[in-house]
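K.L.:
Would you mind keeping the following structure in view while I ask a few things?
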Amino acid sequence: MLEKINELKSAIESLSAKSKDEVEALRIKYLSKKGEVSALFNDFRNVPNEQKREIGQKLNELKNLATEKINSLREAVESGDSDETAIDLSRTASPIELGTRHPISLIRNEIISIFSRLGFSIAEGPEIEDDWHVFSALNFAADHPARDMQDTFFIQRSPDVLLRTHTSSVQSRVMTTTEPPIRIICPGRVYRNEAISARAHCFFHQIEALYIDKNVSFADLKQTLLYFAREMFGADTQIRLRPSYFPFTEPSAEMDISCHLCGGKGCGFCKHTGWVEILGCGMVDPNVLEACGIDSKVYSGFALGMGVERITNLKYRVKDLRMFSENDVRFLDEFTSAH
Ligand code: DAH
């Protein structure tokens with residue numbers, strides 16, 4: 001009898017059920033009138049008197065155990081906490097579709113990474129600026145056309161508060177607050193009051209680079225540009241510098257790269273010249289250094305600035321600038337496989 005009780009006890013302890021029906025079947029199997037526990041109670045009659053006390057106690061314990069076990073199985077099934085529906089923490093998560101990076105971000109990150117390999121670190125400044133950081137500190141004459149309402153979005157006049165028209169404003173911010181050597185790259189959004197078309201937008205992105213130290217020369221600028229062009233557009237890329245004018249650099253230049261579509265032979269893309277324009281650059285004008293509190297007799301430097309949309313167009317041949325800000329998923333999905 002004792003043996004039988006122990007057997008049933010361990011069987012009941014390891015019971016499990018996945019549905020209400022299964023719980024009910026177990027109840028019938030063990031606790032109904034003809035169930036296995038009840039059967040033992042029926043056999044109790046035949047137990048010798050001297051064992052009745054011990055066995056009676058064991059039998060009652062067994063019945064309680066069976067009742068509790070079956071009740072708890074029923075509760076688990078009813079609350080949905082059965083083996084079948086419990087959270088399986090070992091399951092792999094169902095594949096989640098990842099978003100894609102915007103092409104402008106992809107190219108910006110690539111440019112940043114190239115310059116960071118040369119020791120440039122990121123600097124940022126505000127998009128809402130004052131006249132001094134955007135124009136005056138950068139040697140723009142008081143009547144320079146870039147200050148005009150036609151180019152610049154003004155938020156407030158005298159004192160002027162405006163949306164920066166170029167990331168060169170970060171140069172003046174960093175130069176006024178940092179002792180040279182300075183080696184920064186400044187990515188950011190800029191604003192100009194232009195009619196929106198396939199080729200122009202009222203906001204776009206630029207990246208500015210600035211290097212100020214003792215004895216920085218035009219040769220340093222040229223080598224930096226060559227390194228950048230080859231990392232960005234391939235090892236065969238040639239560069240050429242054309243003299244230009246910017247208020248904040250002297251001398252100033254514009255850089256072209258050999259057309260990477262035709263390899264410089266001339267095609268529709270490069271208007272049969274073999275060259276495409278990439279960026280503006282030059283040696284920082286001593287007036288700018290002095291305006292920002294840097295001794296131009298001790299320090300010199302170079303600066304360069306480029307439009308991220310332009311570089312992105314060259315890489316991905318996006319024909320209409322407006323695609324960049326329309327957020328059409330069919331366009332954005334094109335860049336799924338990019339990093
Ligand atoms: N800020 C100029 C622009 O918006 C770009 C530029 C040209 C930046 C020459 C420079 C530079 O730092 O040296 O068109």
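Residue numbers start at 1 in each chain; chains themselves are named A, B, ... in the order of the structure tokens; ligands are numbered from 1 in the order shown.
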Which polymer residues have any atom within 12 Å of an atom of Glu208 (chain A), counting only C-alpha atoms, with same-chain residues fewer than 3 positions away left out, as a ChimeraX atom specification?

P.N.:
/A:108,111-112,115,120-125,166-172,183-190,205,211,279-282,302-308

K.L.:
Can you spit out the residues from that selection as a short mmCIF file (atom, residue, chain, number, x, y, z; two decimals), in the first residue's frame, using N, CA, C and O atoms?

P.N.:
```
data_model
loop_
_atom_site.label_atom_id
_atom_site.label_comp_id
_atom_site.auth_asym_id
_atom_site.auth_seq_id
_atom_site.Cartn_x
_atom_site.Cartn_y
_atom_site.Cartn_z
N ARG A 108 28.00 61.49 -46.47
CA ARG A 108 28.57 62.32 -45.39
C ARG A 108 29.47 61.46 -44.50
O ARG A 108 30.60 61.83 -44.20
N ILE A 111 32.73 60.66 -46.24
CA ILE A 111 33.65 61.81 -46.27
C ILE A 111 34.29 62.00 -44.89
O ILE A 111 35.50 62.19 -44.76
N ILE A 112 33.45 61.91 -43.84
CA ILE A 112 33.97 62.08 -42.48
C ILE A 112 35.04 61.02 -42.20
O ILE A 112 36.08 61.31 -41.63
N PHE A 115 38.40 61.87 -43.88
CA PHE A 115 39.13 62.94 -43.20
C PHE A 115 39.58 62.53 -41.80
O PHE A 115 40.61 62.98 -41.31
N PHE A 120 41.41 64.52 -38.73
CA PHE A 120 40.40 65.58 -38.55
C PHE A 120 39.31 65.06 -37.62
O PHE A 120 38.91 63.90 -37.71
N SER A 121 38.83 65.93 -36.73
CA SER A 121 37.72 65.51 -35.89
C SER A 121 36.51 66.41 -36.14
O SER A 121 36.66 67.54 -36.63
N ILE A 122 35.34 65.89 -35.81
CA ILE A 122 34.10 66.59 -36.16
C ILE A 122 33.86 67.80 -35.26
O ILE A 122 34.04 67.72 -34.04
N ALA A 123 33.45 68.91 -35.87
CA ALA A 123 33.00 70.08 -35.10
C ALA A 123 31.64 70.49 -35.65
O ALA A 123 31.39 70.35 -36.85
N GLU A 124 30.78 70.94 -34.76
CA GLU A 124 29.45 71.36 -35.21
C GLU A 124 29.14 72.75 -34.71
O GLU A 124 29.71 73.21 -33.72
N GLY A 125 28.21 73.40 -35.39
CA GLY A 125 27.78 74.73 -34.95
C GLY A 125 26.29 74.85 -35.20
O GLY A 125 25.69 73.98 -35.83
N HIS A 166 26.33 78.72 -45.20
CA HIS A 166 27.42 77.75 -45.43
C HIS A 166 27.98 77.28 -44.09
O HIS A 166 27.81 77.94 -43.07
N THR A 167 28.64 76.12 -44.14
CA THR A 167 29.21 75.58 -42.89
C THR A 167 30.53 76.25 -42.54
O THR A 167 31.14 75.91 -41.52
N SER A 168 30.96 77.21 -43.36
CA SER A 168 32.19 77.96 -43.00
C SER A 168 31.99 78.70 -41.68
O SER A 168 32.97 79.06 -41.01
N SER A 169 30.73 78.91 -41.29
CA SER A 169 30.47 79.58 -40.01
C SER A 169 31.04 78.78 -38.83
O SER A 169 31.39 79.37 -37.80
N VAL A 170 31.16 77.47 -38.99
CA VAL A 170 31.73 76.67 -37.90
C VAL A 170 33.23 76.98 -37.74
O VAL A 170 33.76 76.92 -36.64
N GLN A 171 33.87 77.35 -38.87
CA GLN A 171 35.28 77.78 -38.79
C GLN A 171 35.43 78.92 -37.79
O GLN A 171 36.28 78.87 -36.90
N SER A 172 34.60 79.96 -37.98
CA SER A 172 34.77 81.13 -37.11
C SER A 172 34.45 80.78 -35.66
O SER A 172 35.08 81.31 -34.74
N ARG A 183 42.24 71.00 -36.40
CA ARG A 183 42.06 70.13 -37.57
C ARG A 183 40.65 69.55 -37.49
O ARG A 183 40.42 68.54 -36.85
N ILE A 184 39.70 70.26 -38.11
CA ILE A 184 38.30 69.89 -37.94
C ILE A 184 37.59 69.65 -39.27
O ILE A 184 37.97 70.19 -40.31
N ILE A 185 36.54 68.86 -39.17
CA ILE A 185 35.65 68.65 -40.30
C ILE A 185 34.24 68.96 -39.79
O ILE A 185 33.86 68.53 -38.71
N CYS A 186 33.51 69.78 -40.55
CA CYS A 186 32.23 70.29 -40.07
C CYS A 186 31.11 69.92 -41.04
O CYS A 186 30.94 70.61 -42.04
N PRO A 187 30.39 68.87 -40.75
CA PRO A 187 29.25 68.52 -41.61
C PRO A 187 28.00 69.24 -41.11
O PRO A 187 27.87 69.47 -39.91
N GLY A 188 27.13 69.63 -42.02
CA GLY A 188 25.90 70.26 -41.53
C GLY A 188 24.98 70.71 -42.63
O GLY A 188 25.32 70.68 -43.82
N ARG A 189 23.80 71.14 -42.20
CA ARG A 189 22.79 71.61 -43.15
C ARG A 189 22.90 73.12 -43.31
O ARG A 189 23.21 73.81 -42.34
N VAL A 190 22.68 73.58 -44.53
CA VAL A 190 22.75 75.02 -44.80
C VAL A 190 21.53 75.45 -45.59
O VAL A 190 20.84 74.61 -46.18
N HIS A 205 23.28 70.22 -47.86
CA HIS A 205 24.29 69.85 -46.86
C HIS A 205 25.70 70.15 -47.36
O HIS A 205 25.98 69.98 -48.54
N TYR A 211 42.22 73.37 -41.38
CA TYR A 211 43.46 72.94 -40.74
C TYR A 211 44.31 74.17 -40.47
O TYR A 211 44.69 74.90 -41.39
N LEU A 279 34.68 70.96 -55.35
CA LEU A 279 34.68 71.75 -54.12
C LEU A 279 35.48 73.04 -54.26
O LEU A 279 36.21 73.24 -55.23
N GLY A 280 35.31 73.91 -53.25
CA GLY A 280 36.08 75.15 -53.16
C GLY A 280 37.08 75.03 -52.03
O GLY A 280 36.86 74.32 -51.05
N CYS A 281 38.20 75.74 -52.17
CA CYS A 281 39.23 75.60 -51.14
C CYS A 281 40.20 76.80 -51.21
O CYS A 281 40.10 77.64 -52.10
N GLY A 282 41.14 76.84 -50.30
CA GLY A 282 42.15 77.88 -50.33
C GLY A 282 42.89 78.00 -49.01
O GLY A 282 42.60 77.25 -48.07
N PHE A 302 44.65 75.95 -44.11
CA PHE A 302 43.82 75.83 -45.32
C PHE A 302 42.40 75.46 -44.94
O PHE A 302 42.15 74.95 -43.83
N ALA A 303 41.48 75.75 -45.87
CA ALA A 303 40.07 75.40 -45.66
C ALA A 303 39.52 74.86 -46.97
O ALA A 303 40.04 75.17 -48.05
N LEU A 304 38.52 74.05 -46.85
CA LEU A 304 37.83 73.59 -48.06
C LEU A 304 36.38 73.31 -47.70
O LEU A 304 36.05 73.05 -46.54
N GLY A 305 35.53 73.42 -48.71
CA GLY A 305 34.11 73.19 -48.45
C GLY A 305 33.47 72.53 -49.65
O GLY A 305 33.79 72.86 -50.80
N MET A 306 32.60 71.57 -49.37
CA MET A 306 31.95 70.89 -50.50
C MET A 306 30.48 70.63 -50.20
O MET A 306 30.07 70.56 -49.04
N GLY A 307 29.70 70.49 -51.26
CA GLY A 307 28.28 70.17 -51.11
C GLY A 307 28.10 68.66 -51.10
O GLY A 307 28.60 67.96 -51.99
N VAL A 308 27.41 68.15 -50.07
CA VAL A 308 27.26 66.70 -49.97
C VAL A 308 26.34 66.17 -51.08
O VAL A 308 26.57 65.10 -51.64
#
```

K.L.:
Enumerate the residues of region 34-280 of chain A with a DSSP assignment of strand (DSSP E), computed from the backbone, and present them as a VMD selection string.

P.N.:
chain A and resid 121 to 122 128 to 130 154 to 156 161 to 163 182 to 191 203 to 213 239 to 246 249 to 258 275 to 280

K.L.:
May I ask which of the residues A:Cys262, A:Leu31, A:Leu98, A:Val77 is the closest one to Thr336 (chain A), counting only C-alpha atoms?

P.N.:
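Looking only at the distances to Thr336 (chain A), the closest residue turns out to be A:Leu98.
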
K.L.:
Leaving out Asp220 (chain A) and any residue of its chain fewer than 2 positions from it, which residues lie within 12 Å of it when counting only C-alpha atoms, given as a compact mmCIF listing (two decimals) with C-alpha atoms, in the first residue's frame?

P.N.:
```
# COMPACT_ATOMS: atom_id res chain seq x y z
CA LEU A 118 43.98 62.19 -41.63
CA LEU A 210 39.84 73.46 -41.65
CA TYR A 211 43.46 72.94 -40.74
CA ILE A 212 45.38 75.60 -38.83
CA ASP A 213 48.91 75.15 -37.53
CA LYS A 214 52.40 76.57 -37.93
CA ASN A 215 53.76 76.26 -41.48
CA VAL A 216 50.65 74.88 -43.16
CA SER A 217 51.17 75.37 -46.90
CA PHE A 218 49.29 75.09 -50.15
CA LYS A 222 46.86 69.86 -52.41
CA GLN A 223 47.99 66.54 -50.96
CA THR A 224 44.94 66.41 -48.69
CA LEU A 225 42.69 67.03 -51.69
CA LEU A 226 44.39 64.34 -53.75
CA TYR A 227 44.08 61.83 -50.91
CA GLY A 282 42.15 77.88 -50.33
CA MET A 283 44.57 79.21 -47.73
CA SER A 300 48.55 79.62 -41.35
CA GLY A 301 45.97 77.17 -42.56
CA PHE A 302 43.82 75.83 -45.32
CA ALA A 303 40.07 75.40 -45.66
```

K.L.:
Could you name the residues that touch Glu194 (chain A) at 9 Å or less, counting only C-alpha atoms, but leaving out those on the same chain fewer than 5 positions away, as a list in words?

P.N.:
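Residues meeting the cut-off are Gln150, Asp151, Ala200, His201, Cys202 and Phe203 of chain A.
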
K.L.:
Any idea what's packed within 12 Å of Asn60 (chain A), counting only C-alpha atoms, ignoring anything in its chain fewer than 4 positions away? Could you give it as a ChimeraX atom specification?

P.N.:
/A:5,9,37-38,40-41,44,52-56,64-67

K.L.:
Leu163 (chain A): which residues within 6 Å, counting only C-alpha atoms, same-chain residues fewer than 3 positions away excluded, as a PyMOL selection string?

P.N.:
chain A and resi 127-129+153

K.L.:
Just want the 8 Å neighbourhood of Phe335 (chain A), counted on only C-alpha atoms, with same-chain residues fewer than 5 positions away dropped. Output as a VMD selection string.

P.N.:
chain A and resid 100 to 103
